[in-house]
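Single-structure report; data block below.
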Amino acid sequence: MRQEKLILFKRTIAQRKYAFQKTYSKCSQFVRLISSILFLGYIVSCQKEKISIGTNVSDTFYLDNAGASMRILIEGNTLSHTFLIIVHGGPGTGSSFYNTDYISQNIEDKYAVVYWDQRNSGASQGNSNGNNLNLTQMTDDLKKVIQVIKSRYGTDGAVFILGHSFGGLLATSFMTSGNNQSMVKGWIFVDGSHNYPLNDTLTRQMLQTTGQQQIDLNKNADKWSPILTWCNAHPGNFTLAESDQLATFATSAETYMDEVNQFDYLTYIKEHLFSDNLTLTALLFNHLYSENATFNNELAKTEFSSTLYKVIKPTLILFGQYDFICPKGLGDDVFKRISSPQKRMVISTVSGYNFMFQDEGLFCYEVNNFIQQFK
Amino acid sequence: MKIRRFILAMGCIIYSLACFPENKGPDGKVDTSLNLKLSYNSSLIYPGGRLGIEFPVKSFISTRMKKSGKEKELIKDRFIALNLSWYHHPSFHDNLYLTAGWTMRRTRKSGFFTEFSPEMGVSRTFIGGTTYRVDDSGNVSLEKFAGYFYALVSVGGGIGYDFSITHSKPIMVFYKLNLLSMYPYNSTIYLRPAMEIGLTWKLCGIHLTKKWRKT
């Protein structure tokens, strides 16, 4: 009886084992099927080299350098062999904001525009790479972006760089380092900052003078008063926290000016929410990280006024009259100090910090003329 | 080759449909089974897929008294789940991630269920474009299989319907929202919502019989 039970038990175990093996076999078939689909999908979609030459192209590729894979989107007319690299602001904001319909219709039809996401910005990816987030490394990144563009589209291509805000600092670092400027045909400096201590001083001065004028005209007096009080209490030698406070006041101040065409980032995000180019959560977390990264302490002391004499390439300087964040005094400093025989400075009377969005027509006109002249 | 795989897959489904037993046995026991999940794993507008297997750990019936005096019975299942998932975000990355998790499911007599599942695992991204490297001499080269490994934690909740309760069919349909977080993404974290719509097959190969347990 006991032996029969034992046999029955063994048989049951064997049956269960067989059933498990059958199930396992079925599962593994499924896994293989799905894996094949995933693998094929991956092969088709991802990393095949695609170089488009045409009048209306859109190529995405990445530069892997020092722990960061930085996205580079080229849109527009690559047949022109002329490339305008956008060096975005921030640090940490991303280049997709500059990819507006107006720029697509008015610059990309003539030239190729390069939307480069700097390390720890936009759609750029990586692991634990915060130690490489510094201006020297980013300058090296920009150099390598140009080398990749020339490798893809031909060494005879004409490259221009356009730096906005922090991008102005990065572009100045590039232009004044080694022999880098020989790689480009021209430099466009838009509402940029090449000298952070000077930037803070100019922002404070502008807030004081404009604020007082606005109070005298009884325009937004309640909003200007605390700004003036703060500026009077903080005369100079700004800490990073004070510098951030000035930037906050400067951002608000622009919105108090009736003369300015206001630009709303949120509207832009809503319009492009489901665009492949706007990687919203990556953009957000990269921005939060970069904005608070320790290298901002170094940036607060960084200046290139003393080395601007090295710049000999054609330069176009574009500033908004009501830019409190990067006041046009910075443009005056660049204009005065560079050695370029061909230089031009244009002020938009309806713009603040974002010339390219607030006075799109003038921006595209000036940029196109500049490129046409020096390509 | 593809046809062969398709036939095998279909055979597996039909077999499991044919041999599926009653959910509740006459002896008052609850049968739980190994589950195979297949779902469309969309990261909002970006497509993807997910294949998972659920190993039953615990299954019991919970009875609660309603205010009206009626009894409300819920089948509570606990599973260890293994999932292989993928989504494709054009020009950004493809993300292939393997996770293990703890699934808690509450099924009503009507067949509707809710579930919650924390998971953790590893993710490998594949950069969404040709990736270049430039050496110090300025030589440009292509990088193959560019991408990164990340630690991944996910939490998700969903709703669904279990056809085995009312129709004795070993199928469940479900809809689930997951929030993925990857670390260290550019020295910080990366969050991404993902949405699943899928089917679960209750495989008949293994039936673990558990006693009714009233709580």
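Residue numbers start at 1 in each chain; chains themselves are named A, B, ... in the order of the structure tokens; ligands are numbered from 1 in the order shown.
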All residues 9 Å or closer to range 182-187 of chain B, only C-alpha atoms, same chain fewer than 4 positions away omitted, as a PDB file with all heavy atoms, in the first residue's frame:
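Final output, result_4.pdb:
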```pdb
ATOM      1  N   GLY A  67      31.683  60.850 -21.504  1.00  0.00           N
ATOM      2  CA  GLY A  67      30.558  60.404 -20.686  1.00  0.00           C
ATOM      3  C   GLY A  67      29.209  60.970 -21.041  1.00  0.00           C
ATOM      4  O   GLY A  67      28.229  60.723 -20.335  1.00  0.00           O
ATOM      5  N   ALA A  68      29.133  61.713 -22.139  1.00  0.00           N
ATOM      6  CA  ALA A  68      27.829  62.259 -22.542  1.00  0.00           C
ATOM      7  C   ALA A  68      27.557  61.955 -24.009  1.00  0.00           C
ATOM      8  O   ALA A  68      28.458  62.060 -24.848  1.00  0.00           O
ATOM      9  CB  ALA A  68      27.798  63.766 -22.327  1.00  0.00           C
ATOM     10  N   ARG A 119      25.936  68.832 -23.189  1.00  0.00           N
ATOM     11  CA  ARG A 119      25.919  67.766 -22.172  1.00  0.00           C
ATOM     12  C   ARG A 119      24.997  68.176 -21.010  1.00  0.00           C
ATOM     13  O   ARG A 119      24.892  69.351 -20.673  1.00  0.00           O
ATOM     14  CB  ARG A 119      27.325  67.445 -21.674  1.00  0.00           C
ATOM     15  CG  ARG A 119      28.075  68.592 -21.061  1.00  0.00           C
ATOM     16  CD  ARG A 119      29.457  68.169 -20.572  1.00  0.00           C
ATOM     17  NE  ARG A 119      30.220  67.500 -21.596  1.00  0.00           N
ATOM     18  CZ  ARG A 119      30.662  66.246 -21.482  1.00  0.00           C
ATOM     19  NH1 ARG A 119      30.434  65.550 -20.379  1.00  0.00           N
ATOM     20  NH2 ARG A 119      31.350  65.681 -22.448  1.00  0.00           N
ATOM     21  N   ASN A 120      24.314  67.199 -20.456  1.00  0.00           N
ATOM     22  CA  ASN A 120      23.372  67.430 -19.346  1.00  0.00           C
ATOM     23  C   ASN A 120      22.293  68.456 -19.694  1.00  0.00           C
ATOM     24  O   ASN A 120      21.845  69.221 -18.835  1.00  0.00           O
ATOM     25  CB  ASN A 120      24.123  67.858 -18.075  1.00  0.00           C
ATOM     26  CG  ASN A 120      25.153  66.839 -17.647  1.00  0.00           C
ATOM     27  OD1 ASN A 120      26.217  66.767 -18.235  1.00  0.00           O
ATOM     28  ND2 ASN A 120      24.838  66.034 -16.658  1.00  0.00           N
ATOM     29  N   SER A 121      21.924  68.470 -20.967  1.00  0.00           N
ATOM     30  CA  SER A 121      20.882  69.399 -21.435  1.00  0.00           C
ATOM     31  C   SER A 121      19.977  68.690 -22.432  1.00  0.00           C
ATOM     32  O   SER A 121      20.403  67.750 -23.112  1.00  0.00           O
ATOM     33  CB  SER A 121      21.503  70.588 -22.164  1.00  0.00           C
ATOM     34  OG  SER A 121      22.372  71.280 -21.355  1.00  0.00           O
ATOM     35  N   SER A 124      20.230  65.135 -24.269  1.00  0.00           N
ATOM     36  CA  SER A 124      21.523  64.472 -24.095  1.00  0.00           C
ATOM     37  C   SER A 124      21.441  63.424 -22.991  1.00  0.00           C
ATOM     38  O   SER A 124      20.678  63.578 -22.048  1.00  0.00           O
ATOM     39  CB  SER A 124      22.604  65.500 -23.766  1.00  0.00           C
ATOM     40  OG  SER A 124      22.873  66.242 -24.924  1.00  0.00           O
ATOM     41  N   GLN A 125      22.224  62.378 -23.163  1.00  0.00           N
ATOM     42  CA  GLN A 125      22.121  61.227 -22.260  1.00  0.00           C
ATOM     43  C   GLN A 125      23.489  60.841 -21.711  1.00  0.00           C
ATOM     44  O   GLN A 125      24.509  61.197 -22.273  1.00  0.00           O
ATOM     45  CB  GLN A 125      21.509  60.044 -23.019  1.00  0.00           C
ATOM     46  CG  GLN A 125      20.105  60.353 -23.513  1.00  0.00           C
ATOM     47  CD  GLN A 125      19.595  59.361 -24.533  1.00  0.00           C
ATOM     48  OE1 GLN A 125      19.460  58.184 -24.242  1.00  0.00           O
ATOM     49  NE2 GLN A 125      19.316  59.831 -25.743  1.00  0.00           N
ATOM     50  N   GLY A 126      23.455  60.095 -20.624  1.00  0.00           N
ATOM     51  CA  GLY A 126      24.696  59.635 -20.020  1.00  0.00           C
ATOM     52  C   GLY A 126      24.421  59.032 -18.666  1.00  0.00           C
ATOM     53  O   GLY A 126      23.273  59.012 -18.213  1.00  0.00           O
ATOM     54  N   ASN A 127      25.485  58.574 -18.033  1.00  0.00           N
ATOM     55  CA  ASN A 127      25.342  58.014 -16.683  1.00  0.00           C
ATOM     56  C   ASN A 127      25.760  59.062 -15.655  1.00  0.00           C
ATOM     57  O   ASN A 127      25.287  60.186 -15.706  1.00  0.00           O
ATOM     58  CB  ASN A 127      26.193  56.749 -16.542  1.00  0.00           C
ATOM     59  CG  ASN A 127      25.515  55.529 -17.123  1.00  0.00           C
ATOM     60  OD1 ASN A 127      26.129  54.774 -17.836  1.00  0.00           O
ATOM     61  ND2 ASN A 127      24.252  55.314 -16.844  1.00  0.00           N
ATOM     62  N   SER A 128      26.662  58.664 -14.808  1.00  0.00           N
ATOM     63  CA  SER A 128      27.116  59.572 -13.763  1.00  0.00           C
ATOM     64  C   SER A 128      28.242  60.429 -14.336  1.00  0.00           C
ATOM     65  O   SER A 128      29.411  60.103 -14.229  1.00  0.00           O
ATOM     66  CB  SER A 128      27.601  58.732 -12.578  1.00  0.00           C
ATOM     67  OG  SER A 128      27.831  59.562 -11.486  1.00  0.00           O
ATOM     68  N   ASN A 129      27.876  61.534 -14.965  1.00  0.00           N
ATOM     69  CA  ASN A 129      28.859  62.317 -15.724  1.00  0.00           C
ATOM     70  C   ASN A 129      28.961  63.765 -15.244  1.00  0.00           C
ATOM     71  O   ASN A 129      29.484  64.626 -15.950  1.00  0.00           O
ATOM     72  CB  ASN A 129      28.510  62.293 -17.215  1.00  0.00           C
ATOM     73  CG  ASN A 129      27.081  62.754 -17.474  1.00  0.00           C
ATOM     74  OD1 ASN A 129      26.433  63.270 -16.558  1.00  0.00           O
ATOM     75  ND2 ASN A 129      26.596  62.576 -18.680  1.00  0.00           N
ATOM     76  N   GLY A 130      28.419  64.034 -14.063  1.00  0.00           N
ATOM     77  CA  GLY A 130      28.403  65.406 -13.562  1.00  0.00           C
ATOM     78  C   GLY A 130      29.786  66.024 -13.398  1.00  0.00           C
ATOM     79  O   GLY A 130      29.936  67.240 -13.502  1.00  0.00           O
ATOM     80  N   ASN A 131      30.803  65.168 -13.176  1.00  0.00           N
ATOM     81  CA  ASN A 131      32.160  65.701 -12.998  1.00  0.00           C
ATOM     82  C   ASN A 131      32.694  66.356 -14.261  1.00  0.00           C
ATOM     83  O   ASN A 131      33.613  67.166 -14.198  1.00  0.00           O
ATOM     84  CB  ASN A 131      33.121  64.577 -12.577  1.00  0.00           C
ATOM     85  CG  ASN A 131      32.838  64.095 -11.167  1.00  0.00           C
ATOM     86  OD1 ASN A 131      32.200  64.819 -10.395  1.00  0.00           O
ATOM     87  ND2 ASN A 131      33.278  62.903 -10.839  1.00  0.00           N
ATOM     88  N   ALA A 282      13.314  64.562 -19.817  1.00  0.00           N
ATOM     89  CA  ALA A 282      14.780  64.664 -19.861  1.00  0.00           C
ATOM     90  C   ALA A 282      15.188  66.129 -19.783  1.00  0.00           C
ATOM     91  O   ALA A 282      16.114  66.499 -19.050  1.00  0.00           O
ATOM     92  CB  ALA A 282      15.309  64.035 -21.140  1.00  0.00           C
ATOM     93  N   PHE A 285      14.668  67.392 -16.078  1.00  0.00           N
ATOM     94  CA  PHE A 285      15.631  66.922 -15.078  1.00  0.00           C
ATOM     95  C   PHE A 285      17.057  67.368 -15.409  1.00  0.00           C
ATOM     96  O   PHE A 285      17.835  67.672 -14.504  1.00  0.00           O
ATOM     97  CB  PHE A 285      15.542  65.399 -14.905  1.00  0.00           C
ATOM     98  CG  PHE A 285      14.334  65.010 -14.102  1.00  0.00           C
ATOM     99  CD1 PHE A 285      13.170  64.600 -14.722  1.00  0.00           C
ATOM    100  CD2 PHE A 285      14.341  65.102 -12.722  1.00  0.00           C
ATOM    101  CE1 PHE A 285      12.039  64.277 -13.991  1.00  0.00           C
ATOM    102  CE2 PHE A 285      13.220  64.790 -11.974  1.00  0.00           C
ATOM    103  CZ  PHE A 285      12.063  64.374 -12.605  1.00  0.00           C
ATOM    104  N   ASN A 286      17.396  67.428 -16.704  1.00  0.00           N
ATOM    105  CA  ASN A 286      18.711  67.949 -17.077  1.00  0.00           C
ATOM    106  C   ASN A 286      18.840  69.412 -16.665  1.00  0.00           C
ATOM    107  O   ASN A 286      19.881  69.841 -16.171  1.00  0.00           O
ATOM    108  CB  ASN A 286      18.920  67.827 -18.591  1.00  0.00           C
ATOM    109  CG  ASN A 286      19.337  66.428 -18.995  1.00  0.00           C
ATOM    110  OD1 ASN A 286      19.956  65.710 -18.220  1.00  0.00           O
ATOM    111  ND2 ASN A 286      19.002  66.033 -20.210  1.00  0.00           N
ATOM    112  N   TYR A 289      19.242  69.747 -12.891  1.00  0.00           N
ATOM    113  CA  TYR A 289      20.578  69.344 -12.449  1.00  0.00           C
ATOM    114  C   TYR A 289      21.619  70.412 -12.817  1.00  0.00           C
ATOM    115  O   TYR A 289      22.408  70.841 -11.974  1.00  0.00           O
ATOM    116  CB  TYR A 289      20.967  67.994 -13.071  1.00  0.00           C
ATOM    117  CG  TYR A 289      22.357  67.576 -12.661  1.00  0.00           C
ATOM    118  CD1 TYR A 289      22.596  67.039 -11.407  1.00  0.00           C
ATOM    119  CD2 TYR A 289      23.440  67.785 -13.512  1.00  0.00           C
ATOM    120  CE1 TYR A 289      23.876  66.698 -11.009  1.00  0.00           C
ATOM    121  CE2 TYR A 289      24.728  67.452 -13.122  1.00  0.00           C
ATOM    122  CZ  TYR A 289      24.934  66.908 -11.874  1.00  0.00           C
ATOM    123  OH  TYR A 289      26.211  66.581 -11.473  1.00  0.00           O
TER     124      TYR A 289
ATOM    125  N   VAL B 122      16.852  46.410 -14.376  1.00  0.00           N
ATOM    126  CA  VAL B 122      17.934  47.076 -15.095  1.00  0.00           C
ATOM    127  C   VAL B 122      17.462  47.483 -16.485  1.00  0.00           C
ATOM    128  O   VAL B 122      16.661  46.795 -17.107  1.00  0.00           O
ATOM    129  CB  VAL B 122      19.190  46.159 -15.141  1.00  0.00           C
ATOM    130  CG1 VAL B 122      18.928  44.901 -15.949  1.00  0.00           C
ATOM    131  CG2 VAL B 122      20.401  46.884 -15.675  1.00  0.00           C
ATOM    132  N   SER B 123      17.961  48.626 -16.918  1.00  0.00           N
ATOM    133  CA  SER B 123      17.561  49.146 -18.220  1.00  0.00           C
ATOM    134  C   SER B 123      18.801  49.316 -19.087  1.00  0.00           C
ATOM    135  O   SER B 123      19.869  49.685 -18.593  1.00  0.00           O
ATOM    136  CB  SER B 123      16.880  50.502 -18.006  1.00  0.00           C
ATOM    137  OG  SER B 123      17.113  51.363 -19.083  1.00  0.00           O
ATOM    138  N   TYR B 148      23.329  53.216 -22.694  1.00  0.00           N
ATOM    139  CA  TYR B 148      23.731  53.184 -21.290  1.00  0.00           C
ATOM    140  C   TYR B 148      22.911  52.175 -20.487  1.00  0.00           C
ATOM    141  O   TYR B 148      21.761  51.904 -20.819  1.00  0.00           O
ATOM    142  CB  TYR B 148      23.547  54.564 -20.663  1.00  0.00           C
ATOM    143  CG  TYR B 148      24.413  55.621 -21.298  1.00  0.00           C
ATOM    144  CD1 TYR B 148      23.932  56.391 -22.359  1.00  0.00           C
ATOM    145  CD2 TYR B 148      25.722  55.828 -20.878  1.00  0.00           C
ATOM    146  CE1 TYR B 148      24.732  57.349 -22.970  1.00  0.00           C
ATOM    147  CE2 TYR B 148      26.526  56.781 -21.478  1.00  0.00           C
ATOM    148  CZ  TYR B 148      26.031  57.540 -22.524  1.00  0.00           C
ATOM    149  OH  TYR B 148      26.820  58.470 -23.128  1.00  0.00           O
ATOM    150  N   PHE B 149      23.525  51.672 -19.441  1.00  0.00           N
ATOM    151  CA  PHE B 149      22.803  50.869 -18.463  1.00  0.00           C
ATOM    152  C   PHE B 149      22.334  51.766 -17.321  1.00  0.00           C
ATOM    153  O   PHE B 149      23.073  52.662 -16.893  1.00  0.00           O
ATOM    154  CB  PHE B 149      23.720  49.772 -17.878  1.00  0.00           C
ATOM    155  CG  PHE B 149      23.853  48.580 -18.771  1.00  0.00           C
ATOM    156  CD1 PHE B 149      24.988  48.405 -19.549  1.00  0.00           C
ATOM    157  CD2 PHE B 149      22.843  47.630 -18.837  1.00  0.00           C
ATOM    158  CE1 PHE B 149      25.114  47.299 -20.382  1.00  0.00           C
ATOM    159  CE2 PHE B 149      22.957  46.523 -19.666  1.00  0.00           C
ATOM    160  CZ  PHE B 149      24.094  46.356 -20.438  1.00  0.00           C
ATOM    161  N   TYR B 150      21.129  51.530 -16.873  1.00  0.00           N
ATOM    162  CA  TYR B 150      20.603  52.283 -15.731  1.00  0.00           C
ATOM    163  C   TYR B 150      19.922  51.312 -14.765  1.00  0.00           C
ATOM    164  O   TYR B 150      19.377  50.288 -15.189  1.00  0.00           O
ATOM    165  CB  TYR B 150      19.542  53.296 -16.167  1.00  0.00           C
ATOM    166  CG  TYR B 150      20.027  54.351 -17.122  1.00  0.00           C
ATOM    167  CD1 TYR B 150      19.759  54.260 -18.489  1.00  0.00           C
ATOM    168  CD2 TYR B 150      20.761  55.450 -16.666  1.00  0.00           C
ATOM    169  CE1 TYR B 150      20.201  55.232 -19.367  1.00  0.00           C
ATOM    170  CE2 TYR B 150      21.197  56.422 -17.540  1.00  0.00           C
ATOM    171  CZ  TYR B 150      20.926  56.311 -18.890  1.00  0.00           C
ATOM    172  OH  TYR B 150      21.368  57.272 -19.766  1.00  0.00           O
ATOM    173  N   ALA B 151      19.920  51.685 -13.508  1.00  0.00           N
ATOM    174  CA  ALA B 151      19.056  50.987 -12.558  1.00  0.00           C
ATOM    175  C   ALA B 151      17.650  51.554 -12.750  1.00  0.00           C
ATOM    176  O   ALA B 151      17.497  52.754 -12.987  1.00  0.00           O
ATOM    177  CB  ALA B 151      19.525  51.260 -11.133  1.00  0.00           C
ATOM    178  N   LEU B 152      16.667  50.687 -12.724  1.00  0.00           N
ATOM    179  CA  LEU B 152      15.305  51.141 -13.011  1.00  0.00           C
ATOM    180  C   LEU B 152      14.339  50.718 -11.905  1.00  0.00           C
ATOM    181  O   LEU B 152      14.372  49.573 -11.448  1.00  0.00           O
ATOM    182  CB  LEU B 152      14.858  50.572 -14.361  1.00  0.00           C
ATOM    183  CG  LEU B 152      13.516  51.041 -14.904  1.00  0.00           C
ATOM    184  CD1 LEU B 152      13.598  51.192 -16.423  1.00  0.00           C
ATOM    185  CD2 LEU B 152      12.394  50.087 -14.564  1.00  0.00           C
ATOM    186  N   VAL B 153      13.548  51.645 -11.478  1.00  0.00           N
ATOM    187  CA  VAL B 153      12.481  51.353 -10.512  1.00  0.00           C
ATOM    188  C   VAL B 153      11.177  51.808 -11.134  1.00  0.00           C
ATOM    189  O   VAL B 153      11.109  52.861 -11.769  1.00  0.00           O
ATOM    190  CB  VAL B 153      12.717  52.094  -9.174  1.00  0.00           C
ATOM    191  CG1 VAL B 153      11.545  51.903  -8.230  1.00  0.00           C
ATOM    192  CG2 VAL B 153      13.996  51.606  -8.516  1.00  0.00           C
ATOM    193  N   SER B 154      10.161  50.988 -10.974  1.00  0.00           N
ATOM    194  CA  SER B 154       8.886  51.318 -11.586  1.00  0.00           C
ATOM    195  C   SER B 154       7.755  51.035 -10.602  1.00  0.00           C
ATOM    196  O   SER B 154       7.808  50.069  -9.853  1.00  0.00           O
ATOM    197  CB  SER B 154       8.729  50.467 -12.862  1.00  0.00           C
ATOM    198  OG  SER B 154       7.387  50.275 -13.177  1.00  0.00           O
ATOM    199  N   LEU B 191      12.562  60.371 -15.256  1.00  0.00           N
ATOM    200  CA  LEU B 191      11.216  59.823 -15.037  1.00  0.00           C
ATOM    201  C   LEU B 191      10.488  59.720 -16.363  1.00  0.00           C
ATOM    202  O   LEU B 191      10.623  60.598 -17.223  1.00  0.00           O
ATOM    203  CB  LEU B 191      10.404  60.734 -14.113  1.00  0.00           C
ATOM    204  CG  LEU B 191      10.808  60.815 -12.646  1.00  0.00           C
ATOM    205  CD1 LEU B 191       9.882  61.753 -11.914  1.00  0.00           C
ATOM    206  CD2 LEU B 191      10.772  59.444 -11.997  1.00  0.00           C
ATOM    207  N   ARG B 192       9.700  58.681 -16.478  1.00  0.00           N
ATOM    208  CA  ARG B 192       8.959  58.506 -17.723  1.00  0.00           C
ATOM    209  C   ARG B 192       7.669  57.736 -17.452  1.00  0.00           C
ATOM    210  O   ARG B 192       7.707  56.641 -16.897  1.00  0.00           O
ATOM    211  CB  ARG B 192       9.821  57.732 -18.707  1.00  0.00           C
ATOM    212  CG  ARG B 192       9.258  57.729 -20.107  1.00  0.00           C
ATOM    213  CD  ARG B 192      10.216  57.105 -21.075  1.00  0.00           C
ATOM    214  NE  ARG B 192       9.625  57.183 -22.393  1.00  0.00           N
ATOM    215  CZ  ARG B 192      10.051  57.961 -23.362  1.00  0.00           C
ATOM    216  NH1 ARG B 192      11.096  58.718 -23.186  1.00  0.00           N
ATOM    217  NH2 ARG B 192       9.441  57.976 -24.531  1.00  0.00           N
TER     218      ARG B 192
END
```
Exercise for review: With a distance cut-off of 10 Å and only C-alpha atoms, select the neighbouring residues of Ile149 in chain A, excluding the residue or stretch itself and same-chain residues fewer than 4 positions from it, and output the selection as a PyMOL selection string.
Suggested key: (chain A and resi 72+74+83+85+114+144-145+153-155+157+159) or (chain B and resi 140)
Practice item. Using backbone DSSP assignments, extract all alpha helix (DSSP H) residues from range 80-170 of chain A; output them as a VMD selection string. Key: chain A and resid 101 to 106 135 to 153 166 to 170
Write out as an mmCIF file with N, CA and C atoms, in the first residue's frame which residues come within 9 Å of His89 in chain B when counting only C-alpha atoms, dropping same-chain ones fewer than 6 positions away.
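For reference, selection15.cif as written:
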```
data_model
loop_
_atom_site.group_PDB
_atom_site.id
_atom_site.type_symbol
_atom_site.label_atom_id
_atom_site.label_comp_id
_atom_site.auth_asym_id
_atom_site.auth_seq_id
_atom_site.Cartn_x
_atom_site.Cartn_y
_atom_site.Cartn_z
ATOM 1 N N ASP A 276 8.835 64.610 -31.234
ATOM 2 C CA ASP A 276 9.952 63.739 -30.873
ATOM 3 C C ASP A 276 11.134 64.560 -30.361
ATOM 4 N N SER B 43 4.931 54.381 -24.214
ATOM 5 C CA SER B 43 5.359 55.475 -23.349
ATOM 6 C C SER B 43 4.653 56.717 -23.876
ATOM 7 N N ILE B 45 2.992 58.463 -26.298
ATOM 8 C CA ILE B 45 2.727 58.314 -27.733
ATOM 9 C C ILE B 45 3.754 57.420 -28.419
ATOM 10 N N TYR B 46 4.719 56.927 -27.658
ATOM 11 C CA TYR B 46 5.776 56.142 -28.285
ATOM 12 C C TYR B 46 5.517 54.653 -28.096
ATOM 13 N N PRO B 47 5.654 53.878 -29.155
ATOM 14 C CA PRO B 47 5.267 52.465 -29.093
ATOM 15 C C PRO B 47 6.271 51.585 -28.348
ATOM 16 N N GLY B 48 5.812 50.418 -28.003
ATOM 17 C CA GLY B 48 6.684 49.460 -27.336
ATOM 18 C C GLY B 48 5.944 48.177 -27.052
ATOM 19 N N ASN B 95 14.563 51.792 -25.311
ATOM 20 C CA ASN B 95 14.871 51.345 -23.953
ATOM 21 C C ASN B 95 14.360 49.929 -23.746
ATOM 22 N N GLY B 128 19.180 56.854 -29.948
ATOM 23 C CA GLY B 128 18.315 56.918 -31.136
ATOM 24 C C GLY B 128 18.917 57.624 -32.329
#
```
Exercise for review: Once DSSP has gone over the backbone, tell me which residues of range 199-335 of chain A are in strand (DSSP E or B), as a ChimeraX atom specification.
Suggested key: /A:303,315-320
Review point. Quick one: residues within 12 Å of Glu115 in chain B, only C-alpha atoms counted, chain neighbours fewer than 3 positions away excluded, as a list in words?
Key: Ile75, Lys76, Asp77, Arg78, Phe79, Trp102, Thr103, Met104, Arg105, Arg106, Thr107, Arg108, Phe112, Pro118, Val155, Gly156, Gly157, Gly158, Ile159, Gly160, Tyr161, Asp162, Phe174, Tyr175, Lys176, Leu177 and Asn178 of chain B
